[in-house]
$ cat work17.cif   # mmCIF, N, CA and C atoms and all ligand atoms
data_model
loop_
_atom_site.label_atom_id
_atom_site.label_comp_id
_atom_site.auth_asym_id
_atom_site.auth_seq_id
_atom_site.Cartn_x
_atom_site.Cartn_y
_atom_site.Cartn_z
N MET Y 178 80.35 72.32 61.66
CA MET Y 178 79.92 71.22 62.52
C MET Y 178 79.69 71.72 63.94
N ASN Y 179 78.60 71.26 64.56
CA ASN Y 179 78.37 71.66 65.95
C ASN Y 179 79.37 70.95 66.85
N GLU Y 180 80.07 71.74 67.65
CA GLU Y 180 81.15 71.20 68.48
C GLU Y 180 81.07 71.76 69.88
N ARG Y 181 81.84 71.11 70.77
CA ARG Y 181 82.06 71.64 72.12
C ARG Y 181 83.55 71.86 72.31
N THR Y 182 83.89 72.88 73.09
CA THR Y 182 85.28 73.12 73.41
C THR Y 182 85.39 73.54 74.87
N LEU Y 183 86.57 73.32 75.45
CA LEU Y 183 86.77 73.73 76.84
C LEU Y 183 87.46 75.08 76.90
N SER Y 184 86.92 75.94 77.74
CA SER Y 184 87.50 77.26 77.97
C SER Y 184 87.90 77.39 79.44
N ILE Y 185 89.01 78.06 79.68
CA ILE Y 185 89.38 78.42 81.06
C ILE Y 185 89.70 79.91 81.10
N VAL Y 186 89.06 80.63 82.02
CA VAL Y 186 89.52 81.98 82.35
C VAL Y 186 90.58 81.77 83.44
N LYS Y 187 91.82 82.10 83.11
CA LYS Y 187 92.96 81.79 83.98
C LYS Y 187 93.05 82.75 85.16
N PRO Y 188 93.87 82.41 86.18
CA PRO Y 188 93.92 83.23 87.41
C PRO Y 188 94.22 84.71 87.19
N ASP Y 189 95.05 85.03 86.19
CA ASP Y 189 95.37 86.46 85.97
C ASP Y 189 94.14 87.24 85.55
N ALA Y 190 93.32 86.66 84.67
CA ALA Y 190 92.13 87.36 84.18
C ALA Y 190 91.04 87.41 85.26
N VAL Y 191 90.96 86.37 86.10
CA VAL Y 191 90.00 86.41 87.22
C VAL Y 191 90.38 87.56 88.15
N LYS Y 192 91.69 87.70 88.43
CA LYS Y 192 92.16 88.78 89.33
C LYS Y 192 91.88 90.16 88.73
N LYS Y 193 91.87 90.25 87.39
CA LYS Y 193 91.60 91.53 86.72
C LYS Y 193 90.11 91.84 86.63
N ASN Y 194 89.27 90.97 87.23
CA ASN Y 194 87.81 91.17 87.19
C ASN Y 194 87.26 91.12 85.76
N ALA Y 195 87.85 90.25 84.94
CA ALA Y 195 87.50 90.23 83.51
C ALA Y 195 86.60 89.06 83.13
N ILE Y 196 86.11 88.27 84.10
CA ILE Y 196 85.29 87.10 83.75
C ILE Y 196 84.10 87.51 82.88
N GLY Y 197 83.37 88.51 83.31
CA GLY Y 197 82.16 88.91 82.59
C GLY Y 197 82.47 89.37 81.18
N ASP Y 198 83.52 90.19 81.04
CA ASP Y 198 83.90 90.69 79.72
C ASP Y 198 84.29 89.53 78.79
N ILE Y 199 85.00 88.54 79.35
CA ILE Y 199 85.46 87.42 78.52
C ILE Y 199 84.29 86.52 78.12
N LEU Y 200 83.39 86.23 79.05
CA LEU Y 200 82.21 85.43 78.69
C LEU Y 200 81.36 86.15 77.64
N ARG Y 201 81.31 87.46 77.73
CA ARG Y 201 80.57 88.26 76.73
C ARG Y 201 81.17 88.06 75.34
N ARG Y 202 82.49 87.99 75.25
CA ARG Y 202 83.14 87.75 73.95
C ARG Y 202 82.69 86.42 73.34
N PHE Y 203 82.60 85.39 74.20
CA PHE Y 203 82.18 84.07 73.69
C PHE Y 203 80.75 84.16 73.14
N GLU Y 204 79.87 84.76 73.93
CA GLU Y 204 78.46 84.84 73.50
C GLU Y 204 78.32 85.72 72.26
N SER Y 205 79.09 86.80 72.20
CA SER Y 205 79.03 87.68 71.02
C SER Y 205 79.50 86.97 69.76
N ALA Y 206 80.39 85.98 69.92
CA ALA Y 206 80.87 85.22 68.77
C ALA Y 206 79.93 84.07 68.42
N GLY Y 207 78.79 83.99 69.12
CA GLY Y 207 77.79 82.96 68.80
C GLY Y 207 77.99 81.65 69.55
N LEU Y 208 78.95 81.64 70.48
CA LEU Y 208 79.18 80.42 71.26
C LEU Y 208 78.23 80.41 72.46
N LYS Y 209 77.69 79.21 72.73
CA LYS Y 209 76.73 79.05 73.83
C LYS Y 209 77.47 78.45 75.02
N ILE Y 210 77.28 79.05 76.20
CA ILE Y 210 77.89 78.50 77.42
C ILE Y 210 76.97 77.41 77.94
N VAL Y 211 77.39 76.14 77.84
CA VAL Y 211 76.52 75.03 78.22
C VAL Y 211 76.92 74.40 79.56
N ALA Y 212 78.03 74.88 80.14
CA ALA Y 212 78.45 74.47 81.49
C ALA Y 212 79.47 75.49 81.96
N ALA Y 213 79.49 75.74 83.27
CA ALA Y 213 80.47 76.69 83.82
C ALA Y 213 80.58 76.50 85.32
N LYS Y 214 81.80 76.62 85.82
CA LYS Y 214 82.00 76.61 87.28
C LYS Y 214 83.33 77.25 87.63
N MET Y 215 83.39 77.76 88.85
CA MET Y 215 84.62 78.35 89.34
C MET Y 215 85.29 77.33 90.26
N ILE Y 216 86.57 77.09 90.02
CA ILE Y 216 87.31 76.13 90.84
C ILE Y 216 88.70 76.68 91.13
N PHE Y 217 89.38 76.06 92.09
CA PHE Y 217 90.73 76.45 92.48
C PHE Y 217 91.57 75.18 92.40
N LEU Y 218 92.36 75.06 91.33
CA LEU Y 218 93.12 73.83 91.10
C LEU Y 218 94.25 73.67 92.11
N SER Y 219 94.49 72.45 92.54
CA SER Y 219 95.73 72.15 93.26
C SER Y 219 96.85 72.09 92.22
N LYS Y 220 98.08 72.11 92.70
CA LYS Y 220 99.22 71.98 91.79
C LYS Y 220 99.12 70.65 91.01
N ALA Y 221 98.76 69.56 91.71
CA ALA Y 221 98.67 68.25 91.06
C ALA Y 221 97.57 68.25 89.98
N GLU Y 222 96.47 68.91 90.26
CA GLU Y 222 95.38 68.98 89.26
C GLU Y 222 95.81 69.80 88.04
N ALA Y 223 96.57 70.87 88.28
CA ALA Y 223 97.09 71.66 87.15
C ALA Y 223 98.09 70.83 86.35
N GLN Y 224 98.93 70.08 87.03
CA GLN Y 224 99.89 69.21 86.33
C GLN Y 224 99.17 68.15 85.50
N GLY Y 225 98.07 67.64 86.03
CA GLY Y 225 97.30 66.64 85.29
C GLY Y 225 96.70 67.24 84.03
N PHE Y 226 96.17 68.45 84.15
CA PHE Y 226 95.55 69.10 82.99
C PHE Y 226 96.58 69.39 81.91
N TYR Y 227 97.76 69.85 82.31
CA TYR Y 227 98.80 70.24 81.34
C TYR Y 227 99.85 69.13 81.13
N ALA Y 228 99.50 67.88 81.42
CA ALA Y 228 100.46 66.77 81.32
C ALA Y 228 101.13 66.71 79.95
N VAL Y 229 100.41 67.11 78.90
CA VAL Y 229 100.96 67.08 77.54
C VAL Y 229 102.20 67.98 77.44
N HIS Y 230 102.31 68.96 78.33
CA HIS Y 230 103.44 69.91 78.29
C HIS Y 230 104.51 69.59 79.35
N LYS Y 231 104.49 68.37 79.92
CA LYS Y 231 105.36 68.13 81.09
C LYS Y 231 106.85 68.21 80.79
N GLU Y 232 107.24 68.04 79.53
CA GLU Y 232 108.67 68.16 79.19
C GLU Y 232 109.08 69.60 78.85
N ARG Y 233 108.12 70.50 78.76
CA ARG Y 233 108.45 71.88 78.36
C ARG Y 233 109.10 72.62 79.52
N PRO Y 234 110.02 73.54 79.21
CA PRO Y 234 110.75 74.25 80.28
C PRO Y 234 109.83 75.08 81.19
N PHE Y 235 108.67 75.48 80.67
CA PHE Y 235 107.78 76.34 81.45
C PHE Y 235 106.75 75.55 82.26
N PHE Y 236 106.83 74.21 82.26
CA PHE Y 236 105.79 73.38 82.90
C PHE Y 236 105.60 73.70 84.39
N ASP Y 237 106.71 73.80 85.12
CA ASP Y 237 106.58 74.02 86.56
C ASP Y 237 105.98 75.41 86.86
N SER Y 238 106.49 76.41 86.16
CA SER Y 238 105.98 77.76 86.36
C SER Y 238 104.50 77.86 85.94
N LEU Y 239 104.16 77.24 84.81
CA LEU Y 239 102.78 77.28 84.31
C LEU Y 239 101.81 76.64 85.31
N THR Y 240 102.19 75.48 85.85
CA THR Y 240 101.27 74.79 86.76
C THR Y 240 101.19 75.48 88.13
N THR Y 241 102.28 76.17 88.52
CA THR Y 241 102.22 77.01 89.73
C THR Y 241 101.26 78.16 89.50
N PHE Y 242 101.38 78.81 88.36
CA PHE Y 242 100.45 79.90 88.01
C PHE Y 242 99.00 79.42 87.99
N MET Y 243 98.75 78.30 87.32
CA MET Y 243 97.36 77.82 87.17
C MET Y 243 96.74 77.38 88.49
N SER Y 244 97.60 77.13 89.51
CA SER Y 244 97.07 76.77 90.83
C SER Y 244 97.25 77.93 91.82
N SER Y 245 97.42 79.15 91.31
CA SER Y 245 97.67 80.32 92.17
C SER Y 245 96.40 81.06 92.57
N GLY Y 246 95.27 80.71 91.98
CA GLY Y 246 94.02 81.40 92.29
C GLY Y 246 92.88 80.74 91.56
N PRO Y 247 91.66 81.19 91.85
CA PRO Y 247 90.50 80.57 91.19
C PRO Y 247 90.49 80.78 89.68
N ILE Y 248 89.87 79.83 88.99
CA ILE Y 248 89.69 79.90 87.54
C ILE Y 248 88.21 79.64 87.23
N LEU Y 249 87.80 80.04 86.04
CA LEU Y 249 86.43 79.78 85.60
C LEU Y 249 86.53 78.83 84.41
N VAL Y 250 86.08 77.61 84.61
CA VAL Y 250 86.09 76.64 83.51
C VAL Y 250 84.70 76.59 82.90
N SER Y 251 84.64 76.52 81.57
CA SER Y 251 83.33 76.44 80.93
C SER Y 251 83.41 75.58 79.67
N VAL Y 252 82.26 75.10 79.27
CA VAL Y 252 82.12 74.37 78.01
C VAL Y 252 81.35 75.27 77.05
N LEU Y 253 81.94 75.51 75.89
CA LEU Y 253 81.31 76.36 74.87
C LEU Y 253 80.86 75.46 73.72
N GLU Y 254 79.68 75.75 73.20
CA GLU Y 254 79.12 74.92 72.14
C GLU Y 254 78.69 75.80 70.97
N GLY Y 255 78.87 75.29 69.78
CA GLY Y 255 78.43 76.03 68.59
C GLY Y 255 79.10 75.50 67.34
N GLU Y 256 78.73 76.15 66.23
CA GLU Y 256 79.30 75.80 64.94
C GLU Y 256 80.82 76.07 64.97
N ASP Y 257 81.61 75.05 64.67
CA ASP Y 257 83.08 75.21 64.68
C ASP Y 257 83.58 75.87 65.97
N ALA Y 258 83.02 75.45 67.09
CA ALA Y 258 83.33 76.08 68.38
C ALA Y 258 84.83 76.09 68.69
N ILE Y 259 85.53 75.03 68.33
CA ILE Y 259 86.95 74.94 68.69
C ILE Y 259 87.75 76.04 67.97
N GLN Y 260 87.58 76.14 66.65
CA GLN Y 260 88.32 77.15 65.89
C GLN Y 260 87.82 78.57 66.15
N THR Y 261 86.51 78.71 66.32
CA THR Y 261 85.96 80.03 66.64
C THR Y 261 86.56 80.55 67.94
N ASN Y 262 86.61 79.67 68.94
CA ASN Y 262 87.16 80.08 70.23
C ASN Y 262 88.65 80.41 70.10
N ARG Y 263 89.42 79.58 69.39
CA ARG Y 263 90.86 79.85 69.23
C ARG Y 263 91.07 81.20 68.52
N ARG Y 264 90.22 81.51 67.55
CA ARG Y 264 90.37 82.76 66.81
C ARG Y 264 90.14 83.97 67.72
N ILE Y 265 89.13 83.91 68.56
CA ILE Y 265 88.87 85.09 69.41
C ILE Y 265 89.81 85.15 70.62
N LEU Y 266 90.47 84.03 70.95
CA LEU Y 266 91.50 84.08 72.02
C LEU Y 266 92.71 84.86 71.55
N GLY Y 267 93.16 84.60 70.34
CA GLY Y 267 94.39 85.21 69.85
C GLY Y 267 95.61 84.34 70.12
N ALA Y 268 96.76 84.78 69.63
CA ALA Y 268 98.01 84.02 69.75
C ALA Y 268 98.39 83.83 71.21
N THR Y 269 99.18 82.78 71.46
CA THR Y 269 99.60 82.43 72.82
C THR Y 269 100.22 83.63 73.55
N ASP Y 270 101.11 84.35 72.84
CA ASP Y 270 101.78 85.51 73.44
C ASP Y 270 100.93 86.77 73.20
N PRO Y 271 100.40 87.36 74.27
CA PRO Y 271 99.48 88.50 74.10
C PRO Y 271 100.04 89.63 73.24
N VAL Y 272 101.36 89.85 73.27
CA VAL Y 272 101.90 90.95 72.46
C VAL Y 272 101.88 90.62 70.96
N LYS Y 273 101.77 89.32 70.64
CA LYS Y 273 101.68 88.91 69.23
C LYS Y 273 100.24 88.68 68.78
N ALA Y 274 99.31 88.74 69.73
CA ALA Y 274 97.90 88.47 69.42
C ALA Y 274 97.29 89.66 68.67
N ASP Y 275 96.39 89.36 67.75
CA ASP Y 275 95.73 90.42 66.98
C ASP Y 275 94.94 91.36 67.89
N ALA Y 276 94.81 92.61 67.44
CA ALA Y 276 93.98 93.58 68.14
C ALA Y 276 92.56 93.04 68.25
N GLY Y 277 91.94 93.26 69.38
CA GLY Y 277 90.55 92.84 69.57
C GLY Y 277 90.40 91.42 70.08
N THR Y 278 91.52 90.68 70.24
CA THR Y 278 91.42 89.33 70.79
C THR Y 278 91.47 89.39 72.32
N ILE Y 279 91.00 88.32 72.94
CA ILE Y 279 90.94 88.27 74.41
C ILE Y 279 92.33 88.37 75.02
N ARG Y 280 93.28 87.64 74.45
CA ARG Y 280 94.64 87.68 75.03
C ARG Y 280 95.29 89.05 74.86
N ARG Y 281 95.05 89.67 73.74
CA ARG Y 281 95.60 91.02 73.54
C ARG Y 281 95.03 91.99 74.57
N ASP Y 282 93.74 91.83 74.86
CA ASP Y 282 93.08 92.78 75.76
C ASP Y 282 93.31 92.48 77.24
N TRP Y 283 93.45 91.20 77.62
CA TRP Y 283 93.55 90.88 79.05
C TRP Y 283 94.76 90.04 79.43
N GLY Y 284 95.53 89.55 78.45
CA GLY Y 284 96.71 88.74 78.78
C GLY Y 284 97.77 89.59 79.47
N THR Y 285 98.56 88.94 80.30
CA THR Y 285 99.62 89.62 81.05
C THR Y 285 100.96 89.39 80.36
N ASP Y 286 101.26 88.11 80.07
CA ASP Y 286 102.48 87.74 79.33
C ASP Y 286 102.25 86.37 78.69
N VAL Y 287 103.29 85.78 78.10
CA VAL Y 287 103.11 84.54 77.34
C VAL Y 287 102.61 83.38 78.22
N GLU Y 288 102.92 83.43 79.51
CA GLU Y 288 102.42 82.40 80.43
C GLU Y 288 101.05 82.79 81.00
N LYS Y 289 100.97 83.99 81.52
CA LYS Y 289 99.73 84.46 82.15
C LYS Y 289 98.89 85.15 81.07
N ASN Y 290 98.32 84.32 80.19
CA ASN Y 290 97.69 84.86 78.98
C ASN Y 290 96.15 84.78 79.00
N ALA Y 291 95.59 84.91 80.18
CA ALA Y 291 94.16 85.17 80.40
C ALA Y 291 93.21 83.99 80.16
N VAL Y 292 93.45 83.23 79.10
CA VAL Y 292 92.48 82.19 78.74
C VAL Y 292 93.15 80.95 78.13
N HIS Y 293 92.45 79.83 78.29
CA HIS Y 293 92.81 78.58 77.60
C HIS Y 293 91.67 78.21 76.67
N GLY Y 294 92.00 77.60 75.53
CA GLY Y 294 90.99 77.03 74.65
C GLY Y 294 91.52 75.75 74.02
N SER Y 295 90.69 74.72 73.99
CA SER Y 295 91.11 73.44 73.38
C SER Y 295 91.58 73.67 71.95
N ASP Y 296 92.55 72.85 71.50
CA ASP Y 296 93.14 73.06 70.17
C ASP Y 296 92.65 72.07 69.12
N GLY Y 297 91.79 71.12 69.47
CA GLY Y 297 91.29 70.17 68.46
C GLY Y 297 90.22 69.28 69.08
N PRO Y 298 89.52 68.50 68.25
CA PRO Y 298 88.39 67.69 68.74
C PRO Y 298 88.78 66.67 69.82
N ASP Y 299 89.92 66.02 69.66
CA ASP Y 299 90.32 65.01 70.66
C ASP Y 299 90.68 65.66 71.98
N THR Y 300 91.46 66.76 71.92
CA THR Y 300 91.82 67.44 73.17
C THR Y 300 90.57 68.06 73.80
N ALA Y 301 89.65 68.57 73.00
CA ALA Y 301 88.42 69.15 73.56
C ALA Y 301 87.66 68.10 74.36
N ARG Y 302 87.49 66.91 73.79
CA ARG Y 302 86.77 65.85 74.51
C ARG Y 302 87.47 65.50 75.82
N TRP Y 303 88.80 65.34 75.74
CA TRP Y 303 89.57 64.98 76.94
C TRP Y 303 89.51 66.09 78.00
N GLU Y 304 89.67 67.32 77.57
CA GLU Y 304 89.69 68.45 78.50
C GLU Y 304 88.32 68.69 79.15
N ILE Y 305 87.24 68.56 78.38
CA ILE Y 305 85.89 68.70 78.95
C ILE Y 305 85.68 67.63 80.02
N ALA Y 306 86.07 66.40 79.72
CA ALA Y 306 85.88 65.30 80.67
C ALA Y 306 86.76 65.45 81.91
N TYR Y 307 87.85 66.22 81.80
CA TYR Y 307 88.73 66.46 82.97
C TYR Y 307 87.98 67.26 84.04
N PHE Y 308 87.06 68.13 83.59
CA PHE Y 308 86.39 69.04 84.53
C PHE Y 308 84.90 68.78 84.71
N PHE Y 309 84.24 68.19 83.72
CA PHE Y 309 82.77 68.08 83.77
C PHE Y 309 82.30 66.66 83.48
N SER Y 310 81.25 66.25 84.19
CA SER Y 310 80.55 65.02 83.83
C SER Y 310 79.47 65.39 82.81
N GLU Y 311 78.99 64.43 82.06
CA GLU Y 311 77.94 64.69 81.07
C GLU Y 311 76.71 65.35 81.73
N LEU Y 312 76.42 64.94 82.97
CA LEU Y 312 75.25 65.46 83.68
C LEU Y 312 75.35 66.96 83.97
N GLU Y 313 76.56 67.50 83.96
CA GLU Y 313 76.76 68.93 84.27
C GLU Y 313 76.68 69.80 83.02
N ILE Y 314 76.49 69.19 81.85
CA ILE Y 314 76.48 69.94 80.60
C ILE Y 314 75.05 70.00 80.05
N GLN Y 315 74.59 71.22 79.83
CA GLN Y 315 73.19 71.41 79.38
C GLN Y 315 73.05 71.00 77.92
N THR Y 316 71.95 70.33 77.61
CA THR Y 316 71.77 69.86 76.24
C THR Y 316 70.53 70.45 75.58
N ARG Y 317 69.88 71.42 76.22
CA ARG Y 317 68.72 72.06 75.57
C ARG Y 317 68.62 73.50 76.00
P1 LIG Y 401 98.01 77.75 73.75
O1 LIG Y 401 97.43 77.99 75.12
O2 LIG Y 401 97.95 78.97 72.90
O3 LIG Y 401 97.43 76.52 73.06
P2 LIG Y 401 100.39 76.14 74.28
O4 LIG Y 401 101.62 76.14 73.43
O5 LIG Y 401 99.50 74.94 74.21
O6 LIG Y 401 99.58 77.49 73.95
O7 LIG Y 401 100.87 76.34 75.77
C1 LIG Y 401 99.99 76.12 76.85
C2 LIG Y 401 100.14 77.27 77.84
O8 LIG Y 401 101.48 77.26 78.34
C3 LIG Y 401 99.99 78.67 77.24
O9 LIG Y 401 98.64 79.09 77.13
C4 LIG Y 401 100.75 79.51 78.24
O10 LIG Y 401 100.00 79.74 79.44
C5 LIG Y 401 101.93 78.58 78.56
N1 LIG Y 401 103.09 78.84 77.69
C6 LIG Y 401 103.23 78.55 76.38
N2 LIG Y 401 104.43 78.92 75.90
C7 LIG Y 401 105.08 79.46 76.96
C8 LIG Y 401 106.39 80.04 77.11
O11 LIG Y 401 107.20 80.14 76.18
N3 LIG Y 401 106.71 80.49 78.37
C9 LIG Y 401 105.85 80.41 79.42
N4 LIG Y 401 104.62 79.87 79.33
C10 LIG Y 401 104.23 79.41 78.11
MG MG Y 402 97.56 74.51 73.61
#

$ encode --input "work17.cif" --output "structure tokens"
Amino acid sequence: MNERTLSIVKPDAVKKNAIGDILRRFESAGLKIVAAKMIFLSKAEAQGFYAVHKERPFFDSLTTFMSSGPILVSVLEGEDAIQTNRRILGATDPVKADAGTIRRDWGTDVEKNAVHGSDGPDTARWEIAYFFSELEIQTR
């Protein structure tokens, strides 16, 4: 099924100068970049994005990290885009991620793990709308 998913290149990967390499992975996997922008989240904006994790012990540290530097948010489109993107990201903890995945190659640790990818159709819709209006997403 043709789908859209939200991707974030997190502050650690931006600092490593890995934006281009990571976007290349998406395109090589057949995903089309239909929207993209660089932003610098405030702590409150990071807390809003990760609200689903607000009870987790790492919430404060995670949202401090996500507001520590610029990020590249993008919308990826393609056949099974959500699962395709999750597969090429790799496991949450870079040391447990398969060889050749983005997190294995550019992740720093379980928190600073280079990239975010939506985990299902409902979260993808919500996450895309958190950062992009329909007018900012290319449809042809
Ligand atoms: P995911 O990004 O692979 O879907 P989630 O469990 O949804 O993983 O967690 C969201 C984000 O929270 C992770 O990408 C990572 O940055 C951070 N995180 C997850 N688990 C831990 C942890 O045990 N310690 C610190 N940060 C974590
Ligand atoms: Mg998740």

$ closest_atom_pairs --input "work17.cif" --of "chain Y" --to "ligand MG 402 (chain Y)" --cutoff "7 Å" --atoms "all atoms listed in the file" --output "tab-separated table"
residue	atom	partner	partner_atom	distance
Y:Gly294	C	Y:MG402	MG	6.2
Y:Ser295	C	Y:MG402	MG	6.3
Y:Asp296	N	Y:MG402	MG	5.7

$ residues_around --input "work17.cif" --residues "segment 258-265 of chain Y" --least-positions-apart "3" --cutoff "6.5 Å" --atoms "all atoms listed in the file" --output "ChimeraX atom specification"
/Y:178-182,253-255,277-280,294-297

$ closest_residue --input "work17.cif" --among "Y:Asp257, Y:Glu222, Y:Glu288, Y:Glu204" --to "ligand LIG 401 (chain Y)" --atoms "only C-alpha atoms and all ligand atoms"
Y:Glu288

$ closest_residue --input "work17.cif" --among "Y:Ala223, Y:Ile185, Y:Val229, Y:Ala268" --to "Ser244 of chain Y" --atoms "all atoms listed in the file"
Y:Ala223

$ atom_distance --input "work17.cif" --atom1 "atom N of Met243 of chain Y" --atom2 "atom CA of Ile196 of chain Y"
16.5 Å

$ residues_around --input "work17.cif" --residues "Gly246 of chain Y" --least-positions-apart "6" --cutoff "7 Å" --atoms "all atoms listed in the file" --output "list in words"
Lys187, Pro188, Ile216, Phe217 and Leu218 of chain Y

$ closest_atom_pairs --input "work17.cif" --of "chain Y" --to "ligand LIG 401 (chain Y)" --cutoff "6 Å" --atoms "only N, CA and C atoms and all ligand atoms" --output "JSON lines"
{"residue": "Y:Phe235", "atom": "CA", "partner": "Y:LIG401", "partner_atom": "C9", "distance": 4.9}
{"residue": "Y:Leu239", "atom": "CA", "partner": "Y:LIG401", "partner_atom": "N4", "distance": 5.9}
{"residue": "Y:Ala268", "atom": "C", "partner": "Y:LIG401", "partner_atom": "O2", "distance": 5.2}
{"residue": "Y:Thr269", "atom": "CA", "partner": "Y:LIG401", "partner_atom": "O2", "distance": 3.8}
{"residue": "Y:Val287", "atom": "C", "partner": "Y:LIG401", "partner_atom": "N4", "distance": 4.2}
{"residue": "Y:Glu288", "atom": "CA", "partner": "Y:LIG401", "partner_atom": "N4", "distance": 3.5}
{"residue": "Y:Lys289", "atom": "N", "partner": "Y:LIG401", "partner_atom": "O10", "distance": 4.8}
{"residue": "Y:Asn290", "atom": "N", "partner": "Y:LIG401", "partner_atom": "O10", "distance": 4.9}
{"residue": "Y:Val292", "atom": "C", "partner": "Y:LIG401", "partner_atom": "O9", "distance": 5.9}
{"residue": "Y:His293", "atom": "CA", "partner": "Y:LIG401", "partner_atom": "O1", "distance": 5.3}
{"residue": "Y:Gly294", "atom": "N", "partner": "Y:LIG401", "partner_atom": "O1", "distance": 5.5}

$ select_by_dssp --input "work17.cif" --residues "chain Y" --states "alpha helix (DSSP H)" --output "PyMOL selection string"
chain Y and resi 188-192+196-205+220-226+236-243+258-266+279-283+298-308

$ atom_distance --input "work17.cif" --atom1 "atom N of Lys209 of chain Y" --atom2 "atom N of Glu256 of chain Y"
7.3 Å

$ select_by_dssp --input "work17.cif" --residues "segment 204-309 of chain Y" --states "strand (DSSP E)" --output "PyMOL selection string"
chain Y and resi 209-216+248-256+292-294

$ closest_residue --input "work17.cif" --among "Y:Ala195, Y:Val186, Y:Val250, Y:Leu266" --to "Ala212 of chain Y" --atoms "all atoms listed in the file"
Y:Val250

$ closest_residue --input "work17.cif" --among "Y:Arg302, Y:Ser184, Y:Asp198, Y:Ile248" --to "Met215 of chain Y" --atoms "all atoms listed in the file"
Y:Ile248

$ closest_residue --input "work17.cif" --among "Y:Val252, Y:Ala228, Y:Leu183, Y:Val191" --to "Leu208 of chain Y" --atoms "only N, CA and C atoms"
Y:Val252

$ atom_distance --input "work17.cif" --atom1 "atom CA of Gly207 of chain Y" --atom2 "atom CA of Lys193 of chain Y"
24.2 Å

$ closest_residue --input "work17.cif" --among "Y:Ser251, Y:Arg281, Y:Ala221, Y:Lys273" --to "Ile305 of chain Y" --atoms "all atoms listed in the file"
Y:Ser251

$ axis_aligned_box --input "work17.cif" --around "segment 276-294 of chain Y" --padding-each-side "5 Å" --output "lines of an AutoDock Vina configuration file"
center_x = 96.8
center_y = 84.7
center_z = 74.8
size_x = 22.9
size_y = 27.8
size_z = 24.7

$ build_atoms --input "work17.cif" --residues "segment 274-286 of chain Y" --atoms "N, CA, C and O atoms" --output "tab-separated table (two decimals), keeping the file's coordinate frame"
chain	number	residue	atom	x	y	z
Y	274	ALA	N	99.31	88.74	69.73
Y	274	ALA	CA	97.90	88.47	69.42
Y	274	ALA	C	97.29	89.66	68.67
Y	274	ALA	O	97.64	90.82	68.93
Y	275	ASP	N	96.39	89.36	67.75
Y	275	ASP	CA	95.73	90.42	66.98
Y	275	ASP	C	94.94	91.36	67.89
Y	275	ASP	O	94.42	90.95	68.93
Y	276	ALA	N	94.81	92.61	67.44
Y	276	ALA	CA	93.98	93.58	68.14
Y	276	ALA	C	92.56	93.04	68.25
Y	276	ALA	O	92.05	92.42	67.31
Y	277	GLY	N	91.94	93.26	69.38
Y	277	GLY	CA	90.55	92.84	69.57
Y	277	GLY	C	90.40	91.42	70.08
Y	277	GLY	O	89.28	90.98	70.35
Y	278	THR	N	91.52	90.68	70.24
Y	278	THR	CA	91.42	89.33	70.79
Y	278	THR	C	91.47	89.39	72.32
Y	278	THR	O	91.90	90.39	72.91
Y	279	ILE	N	91.00	88.32	72.94
Y	279	ILE	CA	90.94	88.27	74.41
Y	279	ILE	C	92.33	88.37	75.02
Y	279	ILE	O	92.55	89.10	75.99
Y	280	ARG	N	93.28	87.64	74.45
Y	280	ARG	CA	94.64	87.68	75.03
Y	280	ARG	C	95.29	89.05	74.86
Y	280	ARG	O	96.00	89.52	75.74
Y	281	ARG	N	95.05	89.67	73.74
Y	281	ARG	CA	95.60	91.02	73.54
Y	281	ARG	C	95.03	91.99	74.57
Y	281	ARG	O	95.73	92.83	75.12
Y	282	ASP	N	93.74	91.83	74.86
Y	282	ASP	CA	93.08	92.78	75.76
Y	282	ASP	C	93.31	92.48	77.24
Y	282	ASP	O	93.34	93.42	78.04
Y	283	TRP	N	93.45	91.20	77.62
Y	283	TRP	CA	93.55	90.88	79.05
Y	283	TRP	C	94.76	90.04	79.43
Y	283	TRP	O	94.99	89.80	80.60
Y	284	GLY	N	95.53	89.55	78.45
Y	284	GLY	CA	96.71	88.74	78.78
Y	284	GLY	C	97.77	89.59	79.47
Y	284	GLY	O	97.86	90.80	79.25
Y	285	THR	N	98.56	88.94	80.30
Y	285	THR	CA	99.62	89.62	81.05
Y	285	THR	C	100.96	89.39	80.36
Y	285	THR	O	101.71	90.32	80.10
Y	286	ASP	N	101.26	88.11	80.07
Y	286	ASP	CA	102.48	87.74	79.33
Y	286	ASP	C	102.25	86.37	78.69
Y	286	ASP	O	101.13	85.85	78.75
